[in-house]
$ cat final-v5.txt   # compact mmCIF, C-alpha atoms and all ligand atoms
# COMPACT_ATOMS: atom_id res chain seq x y z
CA MET A 1 -18.47 -23.38 -5.39
CA ALA A 2 -15.77 -21.51 -7.30
CA ARG A 3 -12.54 -20.78 -5.48
CA ILE A 4 -10.04 -17.90 -5.48
CA VAL A 5 -6.58 -19.42 -5.74
CA GLY A 6 -4.78 -16.10 -5.49
CA GLY A 7 -4.49 -12.39 -6.08
CA LEU A 8 -1.88 -11.00 -8.46
CA GLY A 9 -0.77 -7.38 -8.61
CA THR A 10 1.35 -5.88 -11.35
CA SER A 11 2.22 -2.72 -13.24
CA HIS A 12 0.96 -2.61 -16.83
CA VAL A 13 3.38 -0.22 -18.60
CA PRO A 14 2.94 -0.38 -22.43
CA SER A 15 6.69 -0.40 -23.11
CA ILE A 16 6.84 -3.87 -21.45
CA GLY A 17 4.76 -5.23 -24.33
CA ALA A 18 6.79 -3.23 -26.83
CA ALA A 19 10.05 -4.62 -25.36
CA LEU A 20 8.76 -8.18 -25.87
CA ASP A 21 7.59 -7.39 -29.41
CA LYS A 22 11.03 -5.99 -30.27
CA GLY A 23 12.89 -8.99 -28.82
CA LEU A 24 14.46 -6.95 -25.99
CA ARG A 25 13.57 -9.39 -23.19
CA ASP A 26 17.15 -10.43 -22.49
CA THR A 27 18.85 -7.05 -22.93
CA PRO A 28 20.65 -5.70 -19.84
CA GLU A 29 17.92 -3.04 -19.44
CA TRP A 30 15.00 -5.46 -19.39
CA LYS A 31 16.29 -8.86 -18.23
CA PRO A 32 16.19 -8.10 -14.47
CA PHE A 33 12.63 -6.85 -14.84
CA PHE A 34 11.36 -9.92 -16.71
CA ASP A 35 13.38 -12.41 -14.63
CA GLY A 36 11.61 -11.06 -11.53
CA TYR A 37 8.35 -12.49 -12.92
CA LEU A 38 9.67 -16.05 -13.40
CA PRO A 39 8.57 -17.29 -9.93
CA ALA A 40 5.12 -15.77 -10.52
CA ARG A 41 4.82 -17.55 -13.86
CA GLU A 42 5.77 -20.79 -12.13
CA TRP A 43 3.07 -20.09 -9.52
CA VAL A 44 0.48 -19.59 -12.30
CA ARG A 45 1.55 -22.85 -13.98
CA GLU A 46 1.20 -24.71 -10.68
CA HIS A 47 -2.17 -23.23 -9.71
CA ARG A 48 -3.77 -23.51 -13.21
CA PRO A 49 -6.47 -20.83 -12.87
CA ASP A 50 -9.45 -21.26 -15.20
CA VAL A 51 -10.61 -17.64 -15.01
CA ALA A 52 -8.73 -14.37 -14.49
CA VAL A 53 -10.72 -11.35 -13.34
CA VAL A 54 -8.56 -8.45 -14.51
CA VAL A 55 -9.05 -5.06 -12.88
CA PHE A 56 -7.57 -2.37 -15.10
CA ASN A 57 -8.28 0.86 -16.88
CA ASP A 58 -8.59 1.65 -20.55
CA HIS A 59 -6.24 4.51 -21.52
CA TYR A 60 -8.47 6.27 -24.08
CA ASN A 61 -7.86 3.44 -26.54
CA ALA A 62 -11.26 1.71 -26.51
CA LEU A 63 -13.23 4.27 -24.50
CA PHE A 64 -12.84 8.04 -24.84
CA LEU A 65 -13.99 11.15 -23.02
CA ASP A 66 -17.46 10.94 -24.55
CA ARG A 67 -18.28 8.06 -22.17
CA VAL A 68 -16.45 7.37 -18.95
CA PRO A 69 -17.93 4.58 -16.85
CA THR A 70 -16.66 4.66 -13.27
CA PHE A 71 -16.94 0.84 -13.21
CA ALA A 72 -17.71 -1.47 -16.12
CA VAL A 73 -17.73 -5.25 -16.46
CA GLY A 74 -17.04 -7.02 -19.75
CA CYS A 75 -19.36 -9.90 -20.59
CA ALA A 76 -18.18 -10.36 -24.19
CA PRO A 77 -17.23 -13.76 -25.61
CA GLU A 78 -13.92 -12.38 -26.87
CA TYR A 79 -11.64 -9.37 -26.43
CA HIS A 80 -9.26 -8.39 -29.19
CA PRO A 81 -6.11 -6.44 -28.36
CA VAL A 82 -6.57 -2.81 -29.42
CA ASP A 83 -4.01 -1.22 -31.72
CA GLU A 84 -2.52 1.61 -29.63
CA GLY A 85 -0.84 3.22 -32.63
CA TRP A 86 2.15 0.97 -33.25
CA GLY A 87 0.21 -1.55 -35.33
CA PRO A 88 -1.44 -4.83 -34.30
CA ARG A 89 0.45 -6.79 -31.62
CA PRO A 90 1.23 -10.48 -32.24
CA ILE A 91 -0.88 -11.82 -29.37
CA PRO A 92 -4.10 -13.84 -29.61
CA PRO A 93 -7.51 -12.49 -28.53
CA PHE A 94 -8.70 -13.21 -24.98
CA GLU A 95 -11.67 -15.53 -24.48
CA GLY A 96 -14.28 -14.10 -22.10
CA ALA A 97 -15.79 -16.04 -19.19
CA THR A 98 -19.26 -14.83 -20.13
CA GLU A 99 -21.34 -16.90 -17.74
CA PHE A 100 -19.39 -15.76 -14.71
CA ALA A 101 -19.38 -12.17 -16.01
CA TRP A 102 -23.20 -12.11 -15.94
CA HIS A 103 -23.22 -13.70 -12.49
CA LEU A 104 -20.77 -11.01 -11.35
CA LEU A 105 -22.92 -8.22 -12.79
CA ASP A 106 -26.01 -9.52 -11.02
CA SER A 107 -24.11 -10.07 -7.80
CA LEU A 108 -22.64 -6.54 -7.90
CA VAL A 109 -26.08 -5.02 -8.41
CA GLU A 110 -27.36 -7.07 -5.46
CA ASN A 111 -24.49 -5.51 -3.48
CA ARG A 112 -25.46 -1.98 -4.59
CA PHE A 113 -22.77 -1.52 -7.21
CA ASP A 114 -24.24 -0.58 -10.58
CA PRO A 115 -21.53 -1.08 -13.21
CA GLU A 116 -21.85 -0.41 -16.92
CA ILE A 117 -22.42 -3.63 -18.89
CA ILE A 118 -20.01 -3.97 -21.83
CA GLN A 119 -20.77 -6.59 -24.48
CA GLU A 120 -18.19 -5.57 -27.08
CA ILE A 121 -14.84 -3.83 -26.57
CA LYS A 122 -11.13 -4.15 -27.30
CA VAL A 123 -8.54 -4.23 -24.52
CA ASP A 124 -5.34 -2.19 -24.27
CA HIS A 125 -2.00 -2.63 -22.48
CA GLY A 126 -3.80 -2.39 -19.14
CA LEU A 127 -4.95 -6.00 -19.64
CA GLN A 128 -2.55 -7.28 -22.33
CA VAL A 129 0.68 -6.62 -20.43
CA PRO A 130 -0.31 -8.26 -17.11
CA MET A 131 -1.60 -11.34 -18.95
CA GLU A 132 1.66 -11.74 -20.84
CA LEU A 133 3.75 -11.14 -17.71
CA PHE A 134 1.98 -13.88 -15.73
CA TRP A 135 1.10 -16.39 -18.48
CA GLY A 136 3.74 -15.71 -21.12
CA ARG A 137 2.86 -15.28 -24.78
CA PRO A 138 0.90 -18.36 -25.88
CA SER A 139 1.62 -20.05 -29.22
CA GLY A 140 -2.11 -20.80 -29.64
CA SER A 141 -4.88 -19.46 -27.46
CA TRP A 142 -4.56 -18.16 -23.88
CA PRO A 143 -4.85 -20.97 -21.31
CA VAL A 144 -7.28 -18.94 -19.17
CA ARG A 145 -10.52 -17.03 -19.78
CA VAL A 146 -10.86 -13.42 -18.65
CA VAL A 147 -13.44 -11.09 -17.12
CA PRO A 148 -12.32 -7.48 -17.45
CA ILE A 149 -13.37 -4.95 -14.83
CA PHE A 150 -12.73 -1.43 -16.14
CA VAL A 151 -12.16 1.35 -13.60
CA ASN A 152 -12.02 5.05 -14.42
CA VAL A 153 -8.72 6.32 -13.04
CA LEU A 154 -8.14 9.04 -15.68
CA GLN A 155 -11.08 11.46 -15.76
CA TYR A 156 -11.80 13.18 -12.46
CA PRO A 157 -13.74 12.44 -10.36
CA ILE A 158 -12.14 9.00 -10.05
CA PRO A 159 -13.65 6.60 -7.48
CA LEU A 160 -12.62 6.52 -3.83
CA PRO A 161 -9.95 3.97 -2.80
CA ALA A 162 -12.39 2.75 -0.11
CA ARG A 163 -15.03 2.13 -2.79
CA LEU A 164 -12.58 0.02 -4.79
CA TYR A 165 -11.79 -2.07 -1.72
CA GLU A 166 -15.53 -2.62 -1.19
CA LEU A 167 -15.92 -3.53 -4.87
CA GLY A 168 -13.24 -6.17 -4.33
CA GLN A 169 -15.10 -7.56 -1.33
CA ALA A 170 -18.25 -7.81 -3.47
CA LEU A 171 -16.18 -9.49 -6.22
CA GLY A 172 -14.87 -12.03 -3.72
CA ARG A 173 -18.43 -12.85 -2.61
CA ALA A 174 -19.50 -13.17 -6.26
CA ILE A 175 -16.74 -15.70 -6.95
CA GLU A 176 -17.41 -17.67 -3.79
CA SER A 177 -21.16 -17.82 -4.54
CA TYR A 178 -20.62 -18.99 -8.12
CA ASP A 179 -21.82 -22.54 -8.64
CA SER A 180 -18.81 -23.99 -10.41
CA ASP A 181 -15.59 -25.80 -9.59
CA GLU A 182 -13.51 -23.32 -11.58
CA ARG A 183 -10.38 -21.79 -10.14
CA PHE A 184 -10.16 -17.99 -10.14
CA VAL A 185 -7.37 -15.47 -9.87
CA VAL A 186 -7.93 -11.75 -9.51
CA LEU A 187 -5.46 -9.32 -11.08
CA GLY A 188 -5.03 -5.77 -9.84
CA THR A 189 -3.03 -3.71 -12.33
CA GLY A 190 -1.40 -0.31 -12.74
CA GLY A 191 1.19 1.84 -11.00
CA LEU A 192 3.37 1.89 -9.18
CA SER A 193 4.62 5.48 -8.86
CA HIS A 194 4.79 7.49 -12.08
CA GLN A 195 3.79 10.80 -13.52
CA LEU A 196 3.90 11.19 -17.28
CA GLN A 197 2.93 14.83 -17.65
CA GLY A 198 2.87 18.21 -15.96
CA ALA A 199 5.34 19.81 -13.60
CA ARG A 200 6.20 16.52 -11.87
CA ALA A 201 6.72 14.50 -15.10
CA GLY A 202 9.26 11.77 -14.36
CA PHE A 203 8.29 11.59 -10.68
CA LEU A 204 9.13 8.26 -8.96
CA ASN A 205 8.80 7.30 -5.29
CA ARG A 206 10.68 4.04 -4.68
CA GLU A 207 10.20 4.11 -0.90
CA ALA A 208 6.43 4.54 -1.22
CA ASP A 209 6.30 1.79 -3.85
CA GLN A 210 8.11 -0.70 -1.57
CA ARG A 211 5.87 0.28 1.36
CA PHE A 212 2.80 -0.18 -0.84
CA LEU A 213 3.90 -3.73 -1.70
CA THR A 214 4.12 -4.50 2.02
CA GLU A 215 0.91 -2.76 3.06
CA ILE A 216 -1.29 -4.09 0.25
CA ALA A 217 -0.73 -7.50 1.84
CA GLU A 218 -0.61 -6.60 5.52
CA GLU A 219 -2.68 -3.45 5.97
CA PRO A 220 -5.07 -3.04 3.03
CA GLY A 221 -7.67 -1.30 5.20
CA LYS A 222 -5.16 1.45 5.87
CA LEU A 223 -4.48 1.94 2.14
CA ALA A 224 -8.23 1.89 1.45
CA GLY A 225 -8.63 4.79 3.88
CA TRP A 226 -6.28 7.13 2.05
CA SER A 227 -7.77 10.04 0.10
CA ARG A 228 -7.43 10.23 -3.66
CA GLN A 229 -5.25 13.32 -3.22
CA ARG A 230 -2.85 11.37 -1.03
CA TYR A 231 -2.46 8.73 -3.77
CA ILE A 232 -1.69 11.46 -6.30
CA ASP A 233 0.78 13.18 -3.97
CA THR A 234 2.50 9.90 -3.08
CA PHE A 235 2.47 7.98 -6.39
CA GLY A 236 2.09 10.71 -9.04
CA GLY A 237 -0.85 11.80 -11.17
CA GLU A 238 -0.89 8.59 -13.22
CA GLY A 239 0.61 6.41 -10.48
CA ALA A 240 -2.59 6.98 -8.49
CA GLU A 241 -4.07 4.27 -10.74
CA VAL A 242 -2.51 1.83 -8.24
CA ILE A 243 -5.82 2.15 -6.33
CA MET A 244 -7.06 -0.60 -8.68
CA TRP A 245 -4.96 -3.11 -6.69
CA LEU A 246 -7.43 -2.54 -3.83
CA VAL A 247 -10.14 -4.34 -5.83
CA MET A 248 -7.89 -7.40 -6.11
CA ARG A 249 -6.96 -7.19 -2.43
CA GLY A 250 -10.58 -6.78 -1.33
CA ALA A 251 -11.48 -10.04 -3.07
CA LEU A 252 -9.01 -11.92 -0.84
CA ASN A 253 -9.33 -12.76 2.85
CA PRO A 254 -8.12 -10.23 5.45
CA GLU A 255 -5.11 -12.49 6.12
CA VAL A 256 -2.98 -13.45 3.15
CA VAL A 257 0.36 -15.13 2.50
CA VAL A 258 2.73 -13.38 0.09
CA ARG A 259 4.23 -15.98 -2.26
CA HIS A 260 6.23 -13.69 -4.54
CA ARG A 261 7.10 -10.03 -4.73
CA HIS A 262 9.27 -8.04 -7.13
CA TYR A 263 10.20 -4.41 -7.68
CA PHE A 264 12.16 -2.80 -10.49
CA ALA A 265 12.63 0.91 -11.24
CA PRO A 266 12.61 2.62 -13.55
CA ALA A 267 10.68 0.55 -16.09
CA SER A 268 9.99 3.15 -18.74
CA MET A 269 9.09 6.06 -16.41
CA THR A 270 7.53 3.99 -13.64
CA GLY A 271 8.24 2.02 -10.52
CA ALA A 272 7.24 -1.50 -11.59
CA GLY A 273 5.86 -3.72 -8.84
CA MET A 274 4.54 -7.28 -8.69
CA ILE A 275 2.99 -9.40 -5.96
CA VAL A 276 1.45 -12.88 -5.70
CA MET A 277 -0.79 -13.53 -2.69
CA GLU A 278 -2.87 -16.45 -1.49
CA ASN A 279 -5.55 -16.54 1.17
CA ALA A 280 -3.98 -17.59 4.48
C1 LIG A 301 2.71 4.40 -19.20
C2 LIG A 301 1.36 4.13 -19.39
C3 LIG A 301 0.63 3.53 -18.39
O1 LIG A 301 -0.68 3.21 -18.54
C4 LIG A 301 1.20 3.21 -17.18
O2 LIG A 301 0.43 2.65 -16.25
C5 LIG A 301 2.54 3.48 -16.99
C6 LIG A 301 3.28 4.07 -18.00
C7 LIG A 301 3.51 5.03 -20.28
O3 LIG A 301 2.93 5.42 -21.30
O4 LIG A 301 4.74 5.11 -20.14
FE FE A 302 -1.82 2.81 -16.78

$ encode --input "final-v5.txt" --output "structure tokens" --more "lines below"
Ligand code: DHB
Ligand code: FE
Amino acid sequence: MARIVGGLGTSHVPSIGAALDKGLRDTPEWKPFFDGYLPAREWVREHRPDVAVVVFNDHYNALFLDRVPTFAVGCAPEYHPVDEGWGPRPIPPFEGATEFAWHLLDSLVENRFDPEIIQEIKVDHGLQVPMELFWGRPSGSWPVRVVPIFVNVLQYPIPLPARLYELGQALGRAIESYDSDERFVVLGTGGLSHQLQGARAGFLNREADQRFLTEIAEEPGKLAGWSRQRYIDTFGGEGAEVIMWLVMRGALNPEVVVRHRHYFAPASMTGAGMIVMENA
């Protein structure tokens, strides 16, 4: 059966990709941020995952307000990076793990989740940035195939944190029931605290971000029990997207070992967090 080798959490701020495109990686502003990911990249090289299930949200780049799936699973053979307005980015397309994606869809329906089925879509910074942070920019193709899980965290009503945790548990069962010897990682993306608009624009909560990095490993059930309003109050209107990490965490065992953890703020206007966990 397939095996989950780890769960990775990370912010997915678009300016991270822009900084790499502009050659700013080693500037004093960005170097401490990117250097914090070096141990995680080493972990990925050592553990050689075959498939990355990436939990993220589209930011009105490939989907718009005319259709807002609460959950959607990509089962496309290929995902091209979407142009978010600055021109095409110099990164290769992502190959889809189509067979597992269909297994996941069936398994989710069996578990009473009914996601939208997406057979053609482009992917924005929500997926691009985490992939580049953990795998680096490849000279040829990406060394891992992807299955995107799209979550609506923009248009209210967004899903309950508890529901995302349950979705992760169903994802974990889908991976463990998949007849294959492939190695899986699950990525939870977004956050940490930030608010880009409104009266609290510029809001950051470093203490809550650090506590989140501890509790996502040690007390995920507690975080799953928070209300949506509490996420917004604590992490900001956009920072509430951090609930997507609960899908990643739900796919892991109740007990995990934290291999790497990093925090840097501000990255753009956000608290940028990273974690690498393995099942204990
Ligand atoms: C920004 C966008 C995001 O999707 C995010 O998660 C954090 C920051 C931004 O535009 O700065
Ligand atoms: Fe985002």

$ residues_near_ligand --input "final-v5.txt" --ligand "ligand LIG 301 (chain A)" --cutoff "6 Å" --atoms "only C-alpha atoms and all ligand atoms" --output "ChimeraX atom specification"
/A:12-14,190-191,268-269

$ atom_distance --input "final-v5.txt" --atom1 "CA of Asn279 in chain A" --atom2 "CA of Arg261 in chain A"
15.4 Å

$ closest_atom_pairs --input "final-v5.txt" --of "chain A" --to "ligand FE 302 (chain A)" --cutoff "9 Å" --atoms "all atoms listed in the file" --output "CSV"
residue,atom,partner,partner_atom,distance
A:Ser11,CA,A:FE302,FE,7.7
A:His12,CA,A:FE302,FE,6.1
A:Val13,CA,A:FE302,FE,6.3
A:Pro14,CA,A:FE302,FE,8.0
A:Phe56,CA,A:FE302,FE,7.9
A:Asn57,CA,A:FE302,FE,6.7
A:Asp58,CA,A:FE302,FE,7.8
A:His59,CA,A:FE302,FE,6.7
A:His125,CA,A:FE302,FE,7.9
A:Gly126,CA,A:FE302,FE,6.0
A:Val153,CA,A:FE302,FE,8.6
A:Leu154,CA,A:FE302,FE,8.9
A:Thr189,CA,A:FE302,FE,8.0
A:Gly190,CA,A:FE302,FE,5.1
A:Gly191,CA,A:FE302,FE,6.6
A:Glu238,CA,A:FE302,FE,6.9
A:Gly239,CA,A:FE302,FE,7.7
A:Glu241,CA,A:FE302,FE,6.6
A:Val242,CA,A:FE302,FE,8.6

$ atom_distance --input "final-v5.txt" --atom1 "CA of Tyr156 in chain A" --atom2 "CA of Ser227 in chain A"
13.6 Å

$ residues_around --input "final-v5.txt" --residues "Tyr263 in chain A" --least-positions-apart "3" --cutoff "10 Å" --atoms "all atoms listed in the file" --output "PyMOL selection string"
chain A and resi 10-11+32-33+36-37+192+206+209-210+213+266-267+271-275

$ closest_residue --input "final-v5.txt" --among "A:Ser139, A:Gln169, A:Ser180, A:Ser107" --to "Gly250 in chain A" --atoms "all atoms listed in the file"
A:Gln169
